[in-house]
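Colleague: Got a structure for you, run.cif, holding mmCIF, C-alpha atoms.
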data_model
#
loop_
_atom_site.label_atom_id
_atom_site.label_comp_id
_atom_site.auth_asym_id
_atom_site.auth_seq_id
_atom_site.Cartn_x
_atom_site.Cartn_y
_atom_site.Cartn_z
CA MET W 19 84.98 86.05 115.74
CA THR W 20 84.73 89.34 113.90
CA ALA W 21 87.30 92.00 113.23
CA ASP W 22 87.28 94.75 115.85
CA ALA W 23 86.17 92.24 118.49
CA PRO W 24 88.98 92.38 121.05
CA VAL W 25 90.56 89.01 121.70
CA GLN W 26 93.18 87.82 124.18
CA VAL W 27 95.78 85.06 124.17
CA GLN W 28 97.88 83.97 127.15
CA TRP W 29 101.03 81.93 127.66
CA ARG W 30 104.15 81.91 129.81
CA ALA W 31 107.54 83.38 128.98
CA LEU W 32 110.48 84.97 130.83
CA GLY W 33 109.38 83.04 133.92
CA THR W 34 106.03 84.78 134.16
CA TYR W 35 102.64 85.11 132.50
CA VAL W 36 102.02 86.88 129.21
CA GLN W 37 98.64 88.30 128.21
CA LEU W 38 98.21 89.81 124.78
CA SER W 39 94.99 91.45 123.61
CA VAL W 40 94.39 93.10 120.27
CA SER W 41 91.41 95.14 119.13
CA ASP W 42 91.36 93.50 115.71
CA ALA W 43 90.71 89.78 116.13
CA ALA W 44 92.01 89.11 112.63
CA ALA W 45 95.45 90.32 113.72
CA VAL W 46 95.81 88.09 116.77
CA ALA W 47 97.73 85.22 115.15
CA ALA W 48 100.33 87.49 113.59
CA ALA W 49 100.59 89.54 116.79
CA GLU W 50 101.10 86.44 118.93
CA GLU W 51 103.77 85.10 116.60
CA ARG W 52 105.56 88.45 116.67
CA ALA W 53 105.37 88.60 120.46
CA ARG W 54 106.61 85.04 120.92
CA GLY W 55 109.52 85.70 118.58
CA LEU W 56 110.54 88.84 120.41
CA LEU W 57 110.27 87.19 123.82
CA ALA W 58 112.40 84.28 122.65
CA ALA W 59 115.04 86.71 121.40
CA ILE W 60 114.95 88.68 124.63
CA ASP W 61 115.29 85.50 126.68
CA ARG W 62 118.22 84.36 124.53
CA THR W 63 120.05 87.65 124.94
CA CYS W 64 118.99 89.16 128.28
CA SER W 65 118.39 86.20 130.61
CA ARG W 66 120.43 85.94 133.78
CA PHE W 67 119.53 82.27 133.99
CA ARG W 68 120.86 81.09 130.64
CA PRO W 69 124.59 80.45 130.55
CA ASP W 70 124.55 80.98 126.79
CA SER W 71 122.89 84.40 126.90
CA ASP W 72 124.67 87.57 125.87
CA LEU W 73 124.06 88.91 129.37
CA ALA W 74 125.84 85.93 130.90
CA ARG W 75 128.84 86.58 128.66
CA VAL W 76 128.88 90.28 129.58
CA ASN W 77 128.82 89.33 133.26
CA ALA W 78 131.58 86.75 132.78
CA GLY W 79 133.68 89.42 131.09
CA ALA W 80 133.03 92.19 133.63
CA GLY W 81 135.75 94.81 133.36
CA THR W 82 136.28 94.23 129.63
CA TRP W 83 134.37 95.02 126.44
CA VAL W 84 132.16 92.12 125.41
CA ARG W 85 130.25 91.69 122.19
CA ALA W 86 126.52 91.79 122.73
CA ASP W 87 123.39 91.61 120.66
CA PRO W 88 121.83 95.04 120.00
CA LEU W 89 118.78 93.77 121.87
CA LEU W 90 120.81 93.48 125.08
CA VAL W 91 122.42 96.83 124.41
CA ALA W 92 118.94 98.38 124.09
CA ALA W 93 117.70 96.67 127.27
CA THR W 94 120.80 97.82 129.11
CA THR W 95 120.35 101.35 127.83
CA ALA W 96 116.81 101.41 129.24
CA ALA W 97 118.07 100.05 132.58
CA VAL W 98 120.84 102.65 132.78
CA GLU W 99 118.32 105.40 132.03
CA ALA W 100 116.07 104.01 134.77
CA ALA W 101 118.95 104.21 137.21
CA GLY W 102 119.54 107.81 136.19
CA HIS W 103 115.90 108.74 136.75
CA THR W 104 115.92 107.20 140.25
CA ASP W 105 119.43 108.11 141.44
CA GLY W 106 120.31 104.42 141.38
CA LEU W 107 117.29 103.13 143.32
CA VAL W 108 116.41 100.99 140.30
CA HIS W 109 119.89 99.59 139.81
CA PRO W 110 121.01 97.37 136.91
CA LEU W 111 124.17 96.02 138.59
CA LEU W 112 122.67 93.94 141.41
CA GLY W 113 123.32 90.59 139.71
CA ARG W 114 125.85 89.37 142.28
CA VAL W 115 123.69 90.63 145.15
CA VAL W 116 120.57 88.71 144.11
CA VAL W 117 122.60 85.57 143.47
CA GLY W 118 124.06 85.94 146.96
CA LEU W 119 120.53 86.19 148.32
CA GLY W 120 119.78 82.82 146.76
CA TYR W 121 117.94 83.97 143.62
CA ASP W 122 120.41 82.17 141.38
CA ARG W 123 118.01 80.31 139.09
CA THR W 124 114.58 80.86 137.61
CA PHE W 125 112.05 81.41 140.34
CA THR W 126 110.19 78.20 139.59
CA ASP W 127 113.45 76.26 140.02
CA LEU W 128 114.32 77.80 143.38
CA GLN W 129 114.48 75.14 146.08
CA PRO W 130 112.42 76.07 149.11
CA GLY W 131 114.25 76.38 152.39
CA ARG W 132 117.85 76.40 151.22
CA ALA W 133 120.43 76.19 153.95
CA SER W 134 122.62 79.21 153.38
CA TRP W 135 123.02 82.47 151.57
CA THR W 136 125.93 84.81 151.04
CA ARG W 137 125.88 88.46 151.94
CA VAL W 138 127.28 90.37 148.94
CA ASP W 139 127.99 94.06 149.36
CA PRO W 140 126.03 96.03 146.77
CA PRO W 141 127.97 98.07 144.24
CA PRO W 142 128.06 101.83 144.86
CA LEU W 143 124.73 103.53 144.21
CA ASP W 144 126.27 105.33 141.23
CA ALA W 145 128.18 102.31 139.83
CA TRP W 146 125.75 102.18 136.91
CA ARG W 147 127.39 105.37 135.59
CA ALA W 148 130.45 103.26 134.69
CA ILE W 149 128.48 101.01 132.33
CA GLU W 150 129.62 101.66 128.77
CA TYR W 151 127.99 100.48 125.58
CA GLU W 152 128.34 100.72 121.84
CA ASP W 153 125.93 99.42 119.18
CA GLU W 154 127.07 95.83 119.67
CA ALA W 155 129.29 95.77 122.75
CA ILE W 156 128.97 96.38 126.48
CA LYS W 157 131.45 96.89 129.29
CA ILE W 158 130.36 96.70 132.92
CA PRO W 159 132.59 97.51 135.89
CA ALA W 160 134.79 94.69 137.18
CA GLY W 161 133.29 92.87 140.14
CA THR W 162 129.70 93.62 139.13
CA ALA W 163 127.01 91.73 137.24
CA LEU W 164 124.05 92.94 135.22
CA ASP W 165 120.58 91.97 136.35
CA LEU W 166 117.87 93.53 134.21
CA GLY W 167 115.05 91.93 136.21
CA ALA W 168 113.81 95.32 137.42
CA THR W 169 113.21 96.74 133.96
CA ALA W 170 113.45 94.10 131.24
CA LYS W 171 109.88 92.78 131.38
CA ALA W 172 108.33 96.23 131.13
CA TRP W 173 110.78 97.22 128.41
CA ALA W 174 109.91 94.02 126.51
CA GLY W 175 106.22 94.86 126.83
CA ASP W 176 106.81 98.30 125.36
CA LEU W 177 108.83 96.83 122.52
CA ILE W 178 106.21 94.20 121.75
CA SER W 179 103.22 96.53 121.89
CA ALA W 180 104.92 99.18 119.74
CA THR W 181 105.98 96.59 117.18
CA ILE W 182 102.54 95.00 116.93
CA ALA W 183 100.79 98.37 116.66
CA GLU W 184 103.14 99.41 113.90
CA GLU W 185 103.33 96.16 111.96
CA ASP W 186 99.82 94.78 112.43
CA ARG W 187 97.95 98.10 112.61
CA THR W 188 95.87 97.11 115.61
CA ASN W 189 95.42 98.50 119.09
CA VAL W 190 97.20 96.26 121.55
CA ILE W 191 97.74 95.71 125.26
CA VAL W 192 100.43 93.41 126.64
CA SER W 193 100.99 92.34 130.23
CA LEU W 194 104.28 90.69 131.09
CA GLY W 195 104.00 89.60 134.68
CA GLY W 196 101.95 92.68 135.51
CA ASP W 197 103.90 95.25 133.54
CA VAL W 198 101.28 96.50 131.11
CA ALA W 199 102.04 98.28 127.83
CA VAL W 200 99.39 99.78 125.54
CA ALA W 201 99.84 100.97 121.97
CA THR W 202 97.47 102.29 119.35
CA GLY W 203 97.80 101.08 115.78
CA GLY W 204 96.41 104.06 113.94
CA ARG W 205 92.89 103.49 115.22
CA ARG W 206 90.59 105.14 117.72
CA PRO W 207 92.06 104.29 121.16
CA THR W 208 90.63 101.31 123.01
CA ALA W 209 89.73 101.61 126.71
CA TRP W 210 91.40 98.45 127.99
CA PRO W 211 90.26 97.05 131.35
CA VAL W 212 93.12 96.16 133.69
CA ARG W 213 92.62 94.21 136.90
CA ILE W 214 95.08 95.01 139.64
CA HIS W 215 96.03 92.25 142.06
CA ASP W 216 98.57 91.59 144.76
CA ASP W 217 98.69 88.11 143.37
CA PRO W 218 97.45 86.94 139.95
CA GLU W 219 95.79 83.96 141.64
CA ALA W 220 93.81 86.18 144.01
CA ALA W 221 90.70 88.26 143.44
CA ALA W 222 91.31 91.67 141.90
CA ASP W 223 91.75 94.60 144.26
CA THR W 224 90.48 97.03 141.70
CA GLU W 225 89.82 97.29 137.99
CA VAL W 226 90.68 100.33 135.91
CA ALA W 227 90.65 101.28 132.25
CA ILE W 228 93.51 102.88 130.34
CA GLU W 229 93.87 103.80 126.67
CA ASP W 230 97.59 104.27 126.19
CA GLY W 231 100.98 104.37 127.91
CA GLY W 232 101.76 101.89 130.64
CA LEU W 233 100.76 100.58 134.03
CA ALA W 234 102.96 98.49 136.29
CA THR W 235 102.55 96.81 139.65
CA SER W 236 105.43 95.98 141.96
CA SER W 237 104.76 93.81 144.95
CA THR W 238 106.71 92.28 147.79
CA ARG W 239 104.10 89.54 148.18
CA LEU W 240 105.23 87.49 145.22
CA ARG W 241 108.61 85.99 144.32
CA ARG W 242 109.43 85.32 147.93
CA TRP W 243 111.80 82.62 149.06
CA THR W 244 113.37 81.44 152.28
CA VAL W 245 117.06 80.79 152.78
CA ALA W 246 118.46 79.68 156.14
CA GLY W 247 115.19 80.65 157.76
CA VAL W 248 115.32 84.21 156.39
CA ASP W 249 112.44 85.35 154.22
CA HIS W 250 113.47 87.22 151.07
CA HIS W 251 111.61 88.99 148.29
CA HIS W 252 112.87 90.09 144.90
CA VAL W 253 112.77 93.89 145.23
CA VAL W 254 116.29 94.63 146.43
CA ASP W 255 117.24 97.96 147.97
CA PRO W 256 120.55 98.87 146.29
CA ARG W 257 121.47 101.00 149.31
CA THR W 258 121.59 97.94 151.56
CA GLY W 259 121.90 94.97 149.23
CA ALA W 260 118.97 93.33 151.01
CA PRO W 261 115.30 92.97 150.10
CA ALA W 262 113.67 96.37 150.56
CA ARG W 263 112.21 96.91 154.01
CA THR W 264 109.18 98.81 152.93
CA CYS W 265 105.81 99.92 154.24
CA TRP W 266 104.17 98.98 150.91
CA ARG W 267 103.09 95.53 149.87
CA THR W 268 101.99 96.61 146.40
CA VAL W 269 102.48 99.74 144.31
CA SER W 270 100.78 100.26 140.95
CA ALA W 271 101.83 103.23 138.85
CA THR W 272 101.11 104.57 135.39
CA GLY W 273 103.47 106.28 133.00
CA PRO W 274 104.05 107.22 129.40
CA SER W 275 105.27 103.63 128.89
CA ALA W 276 105.31 100.37 130.83
CA THR W 277 109.01 100.92 131.50
CA ALA W 278 108.43 104.38 132.98
CA ALA W 279 105.53 103.02 135.05
CA ASN W 280 107.64 100.13 136.27
CA VAL W 281 110.55 102.39 137.18
CA ALA W 282 108.11 104.44 139.28
CA SER W 283 106.48 101.47 141.01
CA THR W 284 109.80 99.77 141.78
CA ALA W 285 111.40 102.96 143.10
CA ALA W 286 108.31 103.54 145.24
CA VAL W 287 108.61 100.13 146.91
CA VAL W 288 112.29 100.81 147.65
CA LEU W 289 111.60 104.34 148.91
CA GLY W 290 108.97 103.25 151.43
CA GLU W 291 107.39 106.21 153.22
CA ASP W 292 109.15 108.70 150.96
CA ALA W 293 107.43 107.24 147.90
CA VAL W 294 104.27 109.34 148.04
CA GLY W 295 106.17 112.63 147.79
CA TRP W 296 108.55 111.21 145.17
CA LEU W 297 105.68 110.06 142.94
CA ALA W 298 103.66 113.25 143.43
CA ALA W 299 106.67 115.42 142.54
CA ARG W 300 106.88 113.64 139.19
CA GLY W 301 103.16 113.74 138.48
CA VAL W 302 102.90 109.95 138.59
CA ALA W 303 99.40 108.54 139.09
CA ALA W 304 99.84 105.65 141.49
CA ARG W 305 98.01 103.42 143.93
CA LEU W 306 100.00 102.30 146.95
CA VAL W 307 98.78 99.59 149.29
CA SER W 308 100.41 99.45 152.70
CA ILE W 309 101.34 96.23 154.47
CA GLU W 310 98.14 96.68 156.52
CA GLY W 311 96.03 97.14 153.37
CA ARG W 312 95.55 100.90 153.54
CA VAL W 313 95.30 102.48 150.08
CA THR W 314 96.99 105.77 149.18
CA THR W 315 96.79 107.37 145.74
CA THR W 316 98.91 110.00 143.99
CA GLY W 317 98.65 112.07 140.83
CA GLY W 318 95.56 111.49 138.76
CA TRP W 319 94.78 108.05 140.19
CA PRO W 320 91.13 108.24 141.28
CA ALA W 321 90.55 107.74 144.98
CA GLU W 322 88.96 104.40 145.86
CA GLY W 323 85.20 104.68 145.67
CA ASP W 324 85.33 106.78 142.52
CA GLY W 325 84.05 103.89 140.42
CA GLU W 326 81.44 104.96 137.93
CA MET N 20 126.20 85.92 116.69
CA ALA N 21 128.63 87.11 114.07
CA TYR N 22 129.77 90.60 114.60
CA SER N 23 129.80 92.25 111.29
CA ALA N 24 132.62 94.36 110.13
CA ARG N 25 130.25 97.25 110.69
CA THR N 26 131.17 97.64 114.34
CA ARG N 27 134.84 97.06 113.80
CA ASP N 28 134.95 99.44 110.90
CA ARG N 29 133.27 102.01 113.03
CA TYR N 30 135.94 101.61 115.69
CA ARG N 31 138.56 101.89 113.02
CA ALA N 32 136.87 104.99 111.70
CA VAL N 33 136.88 106.48 115.18
CA SER N 34 140.55 105.68 115.49
CA SER N 35 141.29 107.34 112.17
CA VAL N 36 139.38 110.43 113.10
CA VAL N 37 141.17 110.65 116.41
CA THR N 38 144.55 110.08 114.78
CA GLY N 39 143.70 112.72 112.24
CA ALA N 40 142.76 115.12 114.98
CA VAL N 41 146.09 114.58 116.67
CA ALA N 42 147.95 115.23 113.43
CA ALA N 43 145.88 118.29 112.70
CA ALA N 44 146.52 119.68 116.15
CA CYS N 45 150.26 119.18 115.71
CA VAL N 46 150.37 120.77 112.27
CA ALA N 47 148.33 123.74 113.35
CA GLY N 48 150.74 124.40 116.19
CA THR N 49 148.10 126.11 118.30
CA GLY N 50 150.23 126.85 121.34
CA ALA N 51 152.58 124.34 122.85
CA VAL N 52 150.67 123.76 126.11
CA MET N 53 147.20 123.50 124.61
CA GLY N 54 148.49 121.43 121.75
CA THR N 55 150.23 119.01 124.08
CA ALA N 56 147.20 118.64 126.34
CA SER N 57 144.91 118.14 123.39
CA ALA N 58 147.24 115.64 121.79
CA ALA N 59 147.61 113.72 125.04
CA ASN N 60 143.85 113.65 125.39
CA SER N 61 143.39 112.44 121.87
CA GLN N 62 146.11 109.85 122.33
CA ARG N 63 144.32 108.53 125.41
CA GLU N 64 141.05 108.31 123.48
CA HIS N 65 142.84 106.58 120.65
CA ASP N 66 144.47 104.11 123.01
CA LYS N 67 141.12 103.39 124.63
CA ALA N 68 139.49 102.76 121.26
CA VAL N 69 142.30 100.44 120.25
CA ALA N 70 142.13 98.54 123.55
CA ARG N 71 138.38 98.22 123.24
CA GLN N 72 138.65 96.89 119.71
CA ARG N 73 141.37 94.42 120.71
CA ALA N 74 139.16 93.09 123.52
CA ILE N 75 136.23 92.64 121.15
CA ASP N 76 138.36 91.10 118.42
CA ALA N 77 139.79 88.59 120.89
CA GLN N 78 136.37 87.07 121.45
CA PRO N 79 135.15 84.10 119.47
CA ILE N 80 132.78 84.69 116.61
CA LEU N 81 129.51 83.06 117.53
CA GLU N 82 126.91 81.63 115.29
CA GLU N 83 124.64 84.18 113.71
CA LEU N 84 121.31 84.45 115.48
CA GLU N 85 118.07 85.21 113.76
CA ARG N 86 117.50 88.53 115.34
CA PRO N 87 114.58 90.85 115.19
CA ALA N 88 116.81 93.33 116.99
CA VAL N 89 117.75 95.08 113.81
CA THR N 90 114.24 96.40 113.41
CA VAL N 91 112.99 96.63 116.97
CA THR N 92 115.91 98.33 118.66
CA ARG N 93 115.15 101.50 116.75
CA ILE N 94 112.00 101.78 118.90
CA LYS N 95 112.80 104.27 121.62
CA THR N 96 111.09 103.63 124.92
CA VAL N 97 110.35 106.43 127.36
CA THR N 98 111.92 105.46 130.68
CA LYS N 99 111.35 108.59 132.74
CA PRO N 100 108.58 108.34 135.34
CA GLY N 101 105.91 110.96 134.76
CA PRO N 102 102.28 111.54 133.96
CA GLY N 103 100.73 108.60 132.16
CA PRO N 104 97.36 107.76 130.71
CA ALA N 105 94.13 108.85 132.34
CA VAL N 106 93.01 106.16 134.77
CA ARG N 107 89.32 105.39 134.97
CA VAL N 108 88.20 103.16 137.81
CA ILE N 109 85.77 100.48 136.65
CA ARG N 110 85.44 98.52 139.86
CA VAL N 111 86.85 98.59 143.36
CA GLY N 112 87.30 95.53 145.54
CA GLY N 113 86.38 91.90 144.91
CA GLY N 114 87.43 90.31 141.66
CA LYS N 115 84.15 88.69 140.81
CA ALA N 116 81.06 90.16 139.27
CA GLY N 117 78.55 91.33 141.81
CA THR N 118 81.09 92.25 144.45
CA GLY N 119 82.56 95.59 145.24
CA THR N 120 81.65 98.86 143.62
CA ARG N 121 81.31 98.38 139.92
CA SER N 122 80.64 100.33 136.82
CA THR N 123 77.29 100.11 135.15
CA LYS N 124 79.08 100.25 131.80
CA LYS N 125 81.39 97.27 131.78
CA PRO N 126 83.82 97.17 128.84
CA SER N 127 83.28 94.08 126.71
CA LYS N 128 86.97 93.34 126.48
CA PRO N 129 89.06 90.62 128.04
CA PRO N 130 90.66 92.08 131.16
CA THR N 131 94.42 92.28 131.42
CA THR N 132 96.14 91.60 134.70
CA SER N 133 98.60 93.82 136.51
CA SER N 134 99.86 91.98 139.54
CA GLY N 135 103.08 91.95 141.44
CA SER N 136 105.64 89.76 139.80
#
In structure tokens, write the structure found in this file.

Modeller:
Amino acid sequence: MTADAPVQVQWRALGTYVQLSVSDAAAVAAAEERARGLLAAIDRTCSRFRPDSDLARVNAGAGTWVRADPLLVAATTAAVEAAGHTDGLVHPLLGRVVVGLGYDRTFTDLQPGRASWTRVDPPPLDAWRAIEYEDEAIKIPAGTALDLGATAKAWAGDLISATIAEEDRTNVIVSLGGDVAVATGGRRPTAWPVRIHDDPEAAADTEVAIEDGGLATSSTRLRRWTVAGVDHHHVVDPRTGAPARTCWRTVSATGPSATAANVASTAAVVLGEDAVGWLAARGVAARLVSIEGRVTTTGGWPAEGDGE
Amino acid sequence: MAYSARTRDRYRAVSSVVTGAVAAACVAGTGAVMGTASAANSQREHDKAVARQRAIDAQPILEELERPAVTVTRIKTVTKPGPGPAVRVIRVGGGKAGTGTRSTKKPSKPPTTSSGS
């Protein structure tokens, strides 16, 4: 293994897969250790599934100021900004709604075919505006609960890639469950190949190369569960409080960061038919796959068949 | 996680500033109506800061975590959807070599996966 020979390591964290590649093979051990440490800290502070997390304490104290680790404050800040950029379509206060839908434990622990679920009215579309935070404290509106599932993985990827690039001086690409963040550590950019799938177990739909920024894929085909005979998926429409009824099965989008890309892809799934205009108006390069498998592209995403 | 005096002191500092502003407004006597409104506003802010601090102080001090947050939370992430990196298509369709349309110049790097999650 020589320096400047890209190398990849993989493991699982935050309930999903992690892939970390660096351009300098000599930096991989330090980069992996840094990434694992950050992911452990993010899990400890931002997890909805850990009763001892800072997020769980903020939710338990809804309506009051609660001390919180700066890491959760930063993740919440990103989620609030995402809500602002999407008029609440990517909403950080759907915690009670997703629990009502039966997603009340890590996905791998969900029991198939549970008998009942509870309809929980979603908070107002602009409820996120009432979230307040200081450096080490957060207050969410009474009767609501934070769920950072829509943004936290992408935000974590951005944090990890930026930290590794800065500290280990290597080009880096990180995928956290499909939210891909790229950073350049003071070197000539690397053209990283990224395979886009509906399902990580399935064959790739397409393979692209990117050199910086972020790429994210949101899909309604994964993280599905059945409660009382009703099929659910994890992308919730905050306007209805139910899984988004959408014409897209998968949306991949790019952006200046993984978080920005993920905000775009998630909003697009929720928006359904209106997504193409919404993405185009913001200059977002995206690839949308309809339920029937028809591919539509926006922005600078090359049309299918443009492979070199 | 132990919450250092830093946060509390900051709240106290805010309170002092606000209190000072109220006093200054009174001393300056800049019109009874404006002065009253401003003072009431400042008093509300002061009361909110005090209530916030009381709520935080009432919570138990937790064990200090080892936290990388101190260094990493200064990293500002762009969250606004917009133009991203140039996308170059390497291959379309089929995940295995020899299927689909593929590039003649395949990057010799381990591919990363972007799938729904």

Colleague: Could you write out as a PyMOL selection string the residues that the PyMOL selection byres ((chain W and resi 59-72) around 6) matches in the shown file?

Modeller: chain W and resi 56-58+73-75+86+90+123

Colleague: So, counting all atoms listed in the file, which residue among W:Thr277, W:Gln28, W:Thr284, W:Ser237 is closest to Val97 in chain N?

Modeller: W:Thr277

Colleague: To test your reading of the syntax: which residues would the PyMOL selection byres ((chain W and resi 165) around 10) return for the file shown? Reply as an mmCIF file with C-alpha atoms, keeping the file's coordinate frame.

Modeller:
data_model
loop_
_atom_site.group_PDB
_atom_site.id
_atom_site.type_symbol
_atom_site.label_atom_id
_atom_site.label_comp_id
_atom_site.auth_asym_id
_atom_site.auth_seq_id
_atom_site.Cartn_x
_atom_site.Cartn_y
_atom_site.Cartn_z
ATOM 1 C CA CYS W 64 118.990 89.160 128.280
ATOM 2 C CA SER W 65 118.390 86.200 130.610
ATOM 3 C CA ARG W 66 120.430 85.940 133.780
ATOM 4 C CA LEU W 73 124.060 88.910 129.370
ATOM 5 C CA ALA W 74 125.840 85.930 130.900
ATOM 6 C CA ASN W 77 128.820 89.330 133.260
ATOM 7 C CA THR W 94 120.800 97.820 129.110
ATOM 8 C CA ALA W 97 118.070 100.050 132.580
ATOM 9 C CA HIS W 109 119.890 99.590 139.810
ATOM 10 C CA PRO W 110 121.010 97.370 136.910
ATOM 11 C CA LEU W 111 124.170 96.020 138.590
ATOM 12 C CA LEU W 112 122.670 93.940 141.410
ATOM 13 C CA GLY W 113 123.320 90.590 139.710
ATOM 14 C CA ARG W 114 125.850 89.370 142.280
ATOM 15 C CA VAL W 115 123.690 90.630 145.150
ATOM 16 C CA VAL W 116 120.570 88.710 144.110
ATOM 17 C CA VAL W 117 122.600 85.570 143.470
ATOM 18 C CA THR W 162 129.700 93.620 139.130
ATOM 19 C CA ALA W 163 127.010 91.730 137.240
ATOM 20 C CA LEU W 164 124.050 92.940 135.220
ATOM 21 C CA LEU W 166 117.870 93.530 134.210
ATOM 22 C CA GLY W 167 115.050 91.930 136.210
ATOM 23 C CA ALA W 168 113.810 95.320 137.420
ATOM 24 C CA THR W 169 113.210 96.740 133.960
ATOM 25 C CA ALA W 170 113.450 94.100 131.240
#

Colleague: Pick from W:Gly102, W:Gly232, W:Gly301, W:Pro24: nearest to Leu177 in chain W, with all atoms listed in the file counted?

Modeller: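 Of W:Gly102, W:Gly232, W:Gly301, W:Pro24, the one nearest Leu177 in chain W, counting all atoms listed in the file, is W:Gly232.
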
Colleague: Which residues match the PyMOL selection byres ((chain W and resi 191) around 6) in the file above, as a PyMOL selection string?

Modeller: chain W and resi 38-39+190+192+199-200

Colleague: Write the selection just made, keeping C-alpha atoms, as a PDB file, keeping the file's coordinate frame?

Modeller:
ATOM      1  CA  LEU W  38      98.210  89.810 124.780  1.00  0.00           C
ATOM      2  CA  SER W  39      94.990  91.450 123.610  1.00  0.00           C
ATOM      3  CA  VAL W 190      97.200  96.260 121.550  1.00  0.00           C
ATOM      4  CA  VAL W 192     100.430  93.410 126.640  1.00  0.00           C
ATOM      5  CA  ALA W 199     102.040  98.280 127.830  1.00  0.00           C
ATOM      6  CA  VAL W 200      99.390  99.780 125.540  1.00  0.00           C
TER       7      VAL W 200
END

Colleague: Between N:Pro129, N:Arg110, N:Asp76, N:Lys99, which is the closest to Pro274 in chain W once you count only C-alpha atoms?

Modeller: N:Lys99

Colleague: Would you compute the distance between CA of Thr132 in chain N and CA of Pro211 in chain W? Give it in Å to one decimal.

Modeller: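 CA of Pro211 in chain W lies at a distance of 8.7 Å from CA of Thr132 in chain N.
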
Colleague: Between W:Gly106, W:Pro141, W:Gly33, W:Gly161, which residue has the minimum interatomic distance to chain N, considering only C-alpha atoms?

Modeller: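 Of W:Gly106, W:Pro141, W:Gly33, W:Gly161, the one nearest chain N is W:Gly33, counting only C-alpha atoms.
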
Colleague: What gap, in Å, lies between CA of Arg147 in chain W and CA of Leu89 in chain W?

Modeller: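 According to the coordinates, CA of Arg147 in chain W and CA of Leu89 in chain W are separated by 19.9 Å.
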
Colleague: Would you list the residues near (98.8, 108.1, 135.7) (no more than 10 Å away, in the coordinates of the file, using all atoms listed in the file) as a list in words?

Modeller: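 Nearby residues: Ile228, Gly231, Gly232, Leu233, Ser270, Ala271, Thr272, Gly273, Pro274, Ala279, Gly301, Val302, Ala303, Ala304, Arg305, Thr316, Gly317, Gly318, Trp319 and Pro320 of chain W; Pro100, Gly101, Pro102, Gly103, Pro104, Ala105, Val106 and Arg107 of chain N.
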